[in-house]
file protein00.tsv (TSV, C-alpha atoms and all ligand atoms)
chain	number	residue	atom	x	y	z
A	1	MET	CA	10.29	15.00	-8.98
A	2	GLU	CA	7.94	12.01	-9.23
A	3	ARG	CA	5.85	11.08	-6.18
A	4	THR	CA	3.85	8.04	-5.15
A	5	TYR	CA	1.45	7.10	-2.38
A	6	ILE	CA	2.63	4.21	-0.20
A	7	MET	CA	0.61	2.79	2.67
A	8	THR	CA	1.54	0.08	5.13
A	9	LYS	CA	-1.51	-2.12	5.84
A	10	PRO	CA	-2.83	-3.34	9.23
A	11	ASP	CA	-0.91	-6.66	9.01
A	12	ALA	CA	2.35	-4.67	8.85
A	13	TYR	CA	1.34	-2.90	12.07
A	14	LYS	CA	0.34	-6.14	13.83
A	15	ARG	CA	3.48	-8.00	12.76
A	16	GLY	CA	5.87	-5.17	13.60
A	17	LEU	CA	6.98	-4.73	10.00
A	18	ILE	CA	6.36	-1.00	9.50
A	19	GLY	CA	10.02	-0.22	10.26
A	20	GLU	CA	11.23	-2.92	7.85
A	21	ILE	CA	9.09	-1.48	5.04
A	22	ILE	CA	10.30	2.07	5.74
A	23	THR	CA	13.92	0.84	5.82
A	24	ARG	CA	13.53	-0.77	2.40
A	25	ILE	CA	12.08	2.45	0.95
A	26	GLU	CA	14.98	4.45	2.40
A	27	ASN	CA	17.62	1.90	1.39
A	28	LYS	CA	16.36	2.08	-2.20
A	29	GLY	CA	17.21	5.79	-2.09
A	30	TYR	CA	13.73	7.31	-2.04
A	31	ASN	CA	12.71	10.18	0.21
A	32	ILE	CA	9.67	10.00	2.47
A	33	THR	CA	8.36	13.57	2.43
A	34	ASP	CA	5.22	13.09	4.57
A	35	MET	CA	3.81	10.31	6.73
A	36	LYS	CA	0.81	9.71	9.01
A	37	MET	CA	-0.87	6.88	10.90
A	38	MET	CA	-4.61	6.60	10.28
A	39	ASN	CA	-7.61	4.35	10.87
A	40	LEU	CA	-9.53	3.96	7.61
A	41	ASP	CA	-13.30	3.62	7.26
A	42	GLU	CA	-15.44	1.86	4.67
A	43	ALA	CA	-16.22	5.09	2.78
A	44	ILE	CA	-12.58	5.89	1.98
A	45	LEU	CA	-11.87	2.23	1.14
A	46	LYS	CA	-14.76	2.22	-1.36
A	47	GLU	CA	-13.05	5.16	-3.07
A	48	HIS	CA	-9.53	3.82	-2.81
A	49	TYR	CA	-10.46	0.31	-3.97
A	50	ALA	CA	-13.27	1.37	-6.37
A	51	HIS	CA	-11.82	-1.02	-9.01
A	52	LEU	CA	-12.58	-3.93	-6.63
A	53	ALA	CA	-15.85	-2.74	-5.05
A	54	ASP	CA	-18.00	-5.22	-7.01
A	55	LYS	CA	-15.76	-8.26	-6.30
A	56	PRO	CA	-17.07	-10.95	-3.94
A	57	PHE	CA	-14.02	-10.50	-1.68
A	58	PHE	CA	-14.55	-6.74	-1.23
A	59	PRO	CA	-16.06	-7.17	2.29
A	60	GLU	CA	-12.90	-9.09	3.28
A	61	ILE	CA	-10.77	-6.18	2.06
A	62	VAL	CA	-12.81	-3.78	4.21
A	63	GLU	CA	-12.52	-6.05	7.24
A	64	TYR	CA	-8.77	-6.41	6.73
A	65	MET	CA	-8.07	-2.75	6.05
A	66	THR	CA	-10.12	-1.58	9.06
A	67	SER	CA	-8.60	-4.15	11.45
A	68	GLY	CA	-5.83	-1.79	12.60
A	69	PRO	CA	-3.93	1.35	11.70
A	70	VAL	CA	-2.26	2.07	8.39
A	71	VAL	CA	0.66	4.40	7.75
A	72	GLY	CA	0.26	6.56	4.65
A	73	MET	CA	3.38	8.07	3.08
A	74	ILE	CA	4.31	10.35	0.23
A	75	VAL	CA	7.48	8.92	-1.31
A	76	GLN	CA	9.55	10.87	-3.81
A	77	GLY	CA	12.27	9.92	-6.32
A	78	ASP	CA	13.09	9.32	-9.99
A	79	ASN	CA	10.59	6.81	-11.44
A	80	VAL	CA	9.37	6.11	-7.90
A	81	VAL	CA	5.95	4.77	-8.95
A	82	ALA	CA	7.44	1.86	-10.91
A	83	GLY	CA	10.38	1.54	-8.51
A	84	MET	CA	8.14	1.08	-5.49
A	85	ARG	CA	5.97	-1.48	-7.33
A	86	SER	CA	9.23	-3.31	-8.07
A	87	ILE	CA	10.47	-3.45	-4.46
A	88	MET	CA	6.93	-4.33	-3.23
A	89	GLY	CA	6.54	-7.22	-5.68
A	90	PRO	CA	3.29	-8.41	-7.31
A	91	THR	CA	-0.03	-8.52	-5.41
A	92	ASP	CA	0.12	-12.23	-4.53
A	93	GLY	CA	2.78	-12.97	-1.91
A	94	LEU	CA	3.00	-16.53	-3.25
A	95	GLU	CA	4.08	-15.28	-6.68
A	96	ALA	CA	6.15	-12.35	-5.47
A	97	PRO	CA	9.89	-13.07	-5.82
A	98	ALA	CA	12.12	-13.34	-2.75
A	99	GLY	CA	13.83	-10.03	-2.16
A	100	THR	CA	10.59	-8.06	-2.56
A	101	ILE	CA	8.57	-6.92	0.46
A	102	ARG	CA	5.61	-9.13	-0.44
A	103	GLY	CA	7.82	-12.03	-1.53
A	104	ASP	CA	9.71	-12.00	1.74
A	105	TYR	CA	6.81	-11.38	4.15
A	106	ALA	CA	3.40	-12.15	2.56
A	107	LYS	CA	1.89	-15.59	1.92
A	108	ASP	CA	-1.14	-14.83	-0.29
A	109	LYS	CA	-2.92	-12.09	-2.21
A	110	SER	CA	-5.12	-10.69	0.53
A	111	GLU	CA	-2.83	-9.67	3.41
A	112	ASN	CA	0.12	-8.31	1.50
A	113	LEU	CA	1.49	-5.65	3.84
A	114	VAL	CA	1.75	-2.61	1.62
A	115	HIS	CA	-0.06	-0.51	-0.96
A	116	GLY	CA	1.67	1.44	-3.74
A	117	SER	CA	0.10	3.56	-6.48
A	118	ASP	CA	0.02	1.87	-9.91
A	119	SER	CA	0.50	4.99	-12.08
A	120	VAL	CA	1.74	8.57	-11.81
A	121	GLU	CA	-1.83	9.78	-12.36
A	122	ASN	CA	-3.27	7.58	-9.60
A	123	ALA	CA	-0.42	8.56	-7.28
A	124	GLU	CA	-1.52	12.20	-7.38
A	125	ILE	CA	-5.19	11.21	-6.87
A	126	GLU	CA	-4.26	9.00	-3.87
A	127	ILE	CA	-1.98	11.64	-2.31
A	128	LYS	CA	-4.88	14.09	-2.50
A	129	ARG	CA	-7.27	11.46	-1.08
A	130	PHE	CA	-5.15	10.75	2.00
A	131	PHE	CA	-3.21	13.98	2.53
A	132	GLY	CA	-5.72	16.53	1.20
B	1	LIG	P1	-2.16	-4.15	-5.73
B	1	LIG	O1	-2.28	-3.88	-4.25
B	1	LIG	O2	-0.98	-5.04	-6.05
B	1	LIG	O3	-2.20	-2.89	-6.58
B	1	LIG	P2	-4.94	-4.62	-6.52
B	1	LIG	O4	-5.38	-5.54	-7.61
B	1	LIG	O5	-5.06	-3.15	-6.76
B	1	LIG	O6	-3.43	-5.03	-6.16
B	1	LIG	O7	-5.75	-5.03	-5.22
B	1	LIG	C1	-5.78	-4.19	-4.10
B	1	LIG	C2	-5.71	-5.03	-2.84
B	1	LIG	O8	-6.91	-5.81	-2.70
B	1	LIG	C3	-4.58	-6.06	-2.82
B	1	LIG	O9	-3.34	-5.49	-2.45
B	1	LIG	C4	-5.09	-7.07	-1.82
B	1	LIG	O10	-4.89	-6.62	-0.48
B	1	LIG	C5	-6.59	-7.07	-2.12
B	1	LIG	N1	-6.91	-8.14	-3.09
B	1	LIG	C6	-6.69	-8.12	-4.43
B	1	LIG	N2	-7.11	-9.26	-5.02
B	1	LIG	C7	-7.61	-10.02	-4.02
B	1	LIG	C8	-8.21	-11.34	-3.97
B	1	LIG	O11	-8.36	-12.03	-4.99
B	1	LIG	N3	-8.59	-11.80	-2.74
B	1	LIG	C9	-8.46	-11.05	-1.60
B	1	LIG	N4	-7.91	-9.83	-1.59
B	1	LIG	C10	-7.49	-9.31	-2.79
B	2	MG	MG	-3.73	-1.55	-6.87
call {"tool": "encode", "arguments": {"input": "protein00.tsv", "output": "C-alpha cells"}}
result
Amino acid sequence: MERTYIMTKPDAYKRGLIGEIITRIENKGYNITDMKMMNLDEAILKEHYAHLADKPFFPEIVEYMTSGPVVGMIVQGDNVVAGMRSIMGPTDGLEAPAGTIRGDYAKDKSENLVHGSDSVENAEIEIKRFFG
C-alpha cells in the first residue's frame, strides 16, 4: 500500500486547524498509521527543504517552520501521494482552488498549513527522516 508523509505546519497549530486537516485526510478515505507532534530545528529543515536552501526566502521558511509545533503523519492509501497533493492544493494559497486545504485556509505561498510529499520516492525518504 502506498504511503506519504504529511505534516501540519505551525500556522495550522496556531489557528486551530490541525483537526480540520486530519478530518479531511480521514474523509478522503486515507488511513493515518502514525502521528507525532514535534518542534523542528534548522538542521532538519535544511535537509527537508534542501531544494530551497539557496533561495533568498529560505530564512523566512526556517523562521516560520520553527515558530511552533508541527504534526508529522504517515498516511496510507491507493495513490495517496497524488491524492494528498490534490486535496492540499498547489503551494500558493491564492492560486489553490476552493475546496482544497490551501485554497480554503491559506492566503499566500509561504504560510500554507500543510506539507505533503511530492513523489513516492520522496515520501519514503521523508518518512525515514521524521519517523526513523
Ligand atoms: P510544496 O509545499 O507545495 O511542495 P515547495 O516548492 O516544495 O512547495 O516549497 C516548500 C515550502 O516552502 C512551501 O510549502 C512554502 O511553505 C515555502 N515556500 C515555497 N515557495 C515560497 C516562496 O516563494 N516564498 C515563501 N515561502 C515559500
Ligand atoms: Mg515540496
call {"tool": "residues_near_ligand", "arguments": {"input": "protein00.tsv", "ligand": "ligand LIG 1 (chain B)", "cutoff": "9 Å", "atoms": "all atoms listed in the file", "output": "NGL selection string"}}
result
:A and (9 or 48-49 or 51-52 or 55-58 or 60-61 or 64-65 or 85 or 88-92 or 108-118)
call {"tool": "closest_residue", "arguments": {"input": "protein00.tsv", "among": "A:Lys107, A:Met7, A:Ala12, A:Val80", "to": "ligand MG 2 (chain B)", "atoms": "only C-alpha atoms and all ligand atoms"}}
result
A:Met7
call {"tool": "closest_residue", "arguments": {"input": "protein00.tsv", "among": "A:Val71, A:Ile18, A:Arg102, A:Ala43", "to": "A:Met84", "atoms": "all atoms listed in the file"}}
result
A:Arg102
call {"tool": "atom_distance", "arguments": {"input": "protein00.tsv", "atom1": "atom CA of A:Val120", "atom2": "atom CA of A:Glu95"}}
result
24.5 Å
call {"tool": "residues_around", "arguments": {"input": "protein00.tsv", "residues": "A:Lys14", "least_positions_apart": "6", "cutoff": "10 Å", "atoms": "all atoms listed in the file", "output": "MDAnalysis selection string"}}
result
chainID A and resid 67:69
call {"tool": "atom_distance", "arguments": {"input": "protein00.tsv", "atom1": "atom CA of A:Gly72", "atom2": "atom CA of A:Tyr30"}}
result
15.1 Å
call {"tool": "build_atoms", "arguments": {"input": "protein00.tsv", "residues": "stretch 93-104 of chain A", "atoms": "all heavy atoms", "output": "PDB file, in the coordinates of the input"}}
result
ATOM      1  N   GLY A  93       1.531 -12.655  -2.604  1.00  0.00           N
ATOM      2  CA  GLY A  93       2.780 -12.970  -1.910  1.00  0.00           C
ATOM      3  C   GLY A  93       3.379 -14.314  -2.319  1.00  0.00           C
ATOM      4  O   GLY A  93       4.587 -14.527  -2.194  1.00  0.00           O
ATOM      5  N   LEU A  94       2.516 -15.220  -2.812  1.00  0.00           N
ATOM      6  CA  LEU A  94       3.000 -16.530  -3.250  1.00  0.00           C
ATOM      7  C   LEU A  94       3.807 -16.413  -4.539  1.00  0.00           C
ATOM      8  O   LEU A  94       4.782 -17.143  -4.747  1.00  0.00           O
ATOM      9  CB  LEU A  94       1.791 -17.462  -3.461  1.00  0.00           C
ATOM     10  CG  LEU A  94       2.057 -18.936  -3.681  1.00  0.00           C
ATOM     11  CD1 LEU A  94       2.791 -19.549  -2.495  1.00  0.00           C
ATOM     12  CD2 LEU A  94       0.733 -19.671  -3.928  1.00  0.00           C
ATOM     13  N   GLU A  95       3.395 -15.473  -5.398  1.00  0.00           N
ATOM     14  CA  GLU A  95       4.080 -15.280  -6.680  1.00  0.00           C
ATOM     15  C   GLU A  95       5.206 -14.259  -6.590  1.00  0.00           C
ATOM     16  O   GLU A  95       6.084 -14.228  -7.451  1.00  0.00           O
ATOM     17  CB  GLU A  95       3.078 -14.802  -7.735  1.00  0.00           C
ATOM     18  CG  GLU A  95       2.166 -15.904  -8.222  1.00  0.00           C
ATOM     19  CD  GLU A  95       0.998 -15.363  -9.039  1.00  0.00           C
ATOM     20  OE1 GLU A  95       1.045 -14.196  -9.468  1.00  0.00           O
ATOM     21  OE2 GLU A  95       0.041 -16.127  -9.228  1.00  0.00           O
ATOM     22  N   ALA A  96       5.160 -13.423  -5.571  1.00  0.00           N
ATOM     23  CA  ALA A  96       6.150 -12.350  -5.470  1.00  0.00           C
ATOM     24  C   ALA A  96       7.541 -12.949  -5.228  1.00  0.00           C
ATOM     25  O   ALA A  96       7.713 -13.819  -4.378  1.00  0.00           O
ATOM     26  CB  ALA A  96       5.777 -11.405  -4.331  1.00  0.00           C
ATOM     27  N   PRO A  97       8.551 -12.518  -5.986  1.00  0.00           N
ATOM     28  CA  PRO A  97       9.890 -13.070  -5.820  1.00  0.00           C
ATOM     29  C   PRO A  97      10.512 -12.734  -4.450  1.00  0.00           C
ATOM     30  O   PRO A  97      10.239 -11.667  -3.889  1.00  0.00           O
ATOM     31  CB  PRO A  97      10.715 -12.423  -6.926  1.00  0.00           C
ATOM     32  CG  PRO A  97       9.823 -11.577  -7.727  1.00  0.00           C
ATOM     33  CD  PRO A  97       8.477 -11.520  -7.066  1.00  0.00           C
ATOM     34  N   ALA A  98      11.324 -13.632  -3.947  1.00  0.00           N
ATOM     35  CA  ALA A  98      12.120 -13.340  -2.750  1.00  0.00           C
ATOM     36  C   ALA A  98      12.940 -12.090  -3.019  1.00  0.00           C
ATOM     37  O   ALA A  98      13.371 -11.851  -4.144  1.00  0.00           O
ATOM     38  CB  ALA A  98      13.032 -14.524  -2.437  1.00  0.00           C
ATOM     39  N   GLY A  99      13.102 -11.290  -1.986  1.00  0.00           N
ATOM     40  CA  GLY A  99      13.830 -10.030  -2.160  1.00  0.00           C
ATOM     41  C   GLY A  99      12.879  -8.852  -2.252  1.00  0.00           C
ATOM     42  O   GLY A  99      13.285  -7.715  -2.034  1.00  0.00           O
ATOM     43  N   THR A 100      11.604  -9.127  -2.596  1.00  0.00           N
ATOM     44  CA  THR A 100      10.590  -8.060  -2.560  1.00  0.00           C
ATOM     45  C   THR A 100       9.904  -8.090  -1.195  1.00  0.00           C
ATOM     46  O   THR A 100       9.951  -9.094  -0.479  1.00  0.00           O
ATOM     47  CB  THR A 100       9.541  -8.250  -3.670  1.00  0.00           C
ATOM     48  OG1 THR A 100       8.799  -9.463  -3.450  1.00  0.00           O
ATOM     49  CG2 THR A 100      10.201  -8.310  -5.050  1.00  0.00           C
ATOM     50  N   ILE A 101       9.250  -6.985  -0.843  1.00  0.00           N
ATOM     51  CA  ILE A 101       8.570  -6.920   0.460  1.00  0.00           C
ATOM     52  C   ILE A 101       7.513  -8.018   0.549  1.00  0.00           C
ATOM     53  O   ILE A 101       7.460  -8.787   1.518  1.00  0.00           O
ATOM     54  CB  ILE A 101       7.927  -5.522   0.663  1.00  0.00           C
ATOM     55  CG1 ILE A 101       9.012  -4.437   0.724  1.00  0.00           C
ATOM     56  CG2 ILE A 101       7.056  -5.511   1.933  1.00  0.00           C
ATOM     57  CD1 ILE A 101       8.469  -2.995   0.631  1.00  0.00           C
ATOM     58  N   ARG A 102       6.663  -8.108  -0.471  1.00  0.00           N
ATOM     59  CA  ARG A 102       5.610  -9.130  -0.440  1.00  0.00           C
ATOM     60  C   ARG A 102       6.189 -10.538  -0.558  1.00  0.00           C
ATOM     61  O   ARG A 102       5.713 -11.463   0.095  1.00  0.00           O
ATOM     62  CB  ARG A 102       4.590  -8.836  -1.537  1.00  0.00           C
ATOM     63  CG  ARG A 102       3.717  -7.605  -1.221  1.00  0.00           C
ATOM     64  CD  ARG A 102       3.001  -7.088  -2.442  1.00  0.00           C
ATOM     65  NE  ARG A 102       1.919  -6.156  -2.132  1.00  0.00           N
ATOM     66  CZ  ARG A 102       1.208  -5.509  -3.060  1.00  0.00           C
ATOM     67  NH1 ARG A 102       1.476  -5.703  -4.341  1.00  0.00           N
ATOM     68  NH2 ARG A 102       0.242  -4.680  -2.711  1.00  0.00           N
ATOM     69  N   GLY A 103       7.197 -10.711  -1.375  1.00  0.00           N
ATOM     70  CA  GLY A 103       7.820 -12.030  -1.530  1.00  0.00           C
ATOM     71  C   GLY A 103       8.460 -12.520  -0.253  1.00  0.00           C
ATOM     72  O   GLY A 103       8.445 -13.710   0.060  1.00  0.00           O
ATOM     73  N   ASP A 104       9.023 -11.606   0.507  1.00  0.00           N
ATOM     74  CA  ASP A 104       9.710 -12.000   1.740  1.00  0.00           C
ATOM     75  C   ASP A 104       8.756 -12.168   2.924  1.00  0.00           C
ATOM     76  O   ASP A 104       9.037 -12.944   3.836  1.00  0.00           O
ATOM     77  CB  ASP A 104      10.782 -10.965   2.108  1.00  0.00           C
ATOM     78  CG  ASP A 104      12.004 -11.054   1.200  1.00  0.00           C
ATOM     79  OD1 ASP A 104      12.117 -12.036   0.446  1.00  0.00           O
ATOM     80  OD2 ASP A 104      12.835 -10.134   1.244  1.00  0.00           O
TER      81      ASP A 104
END
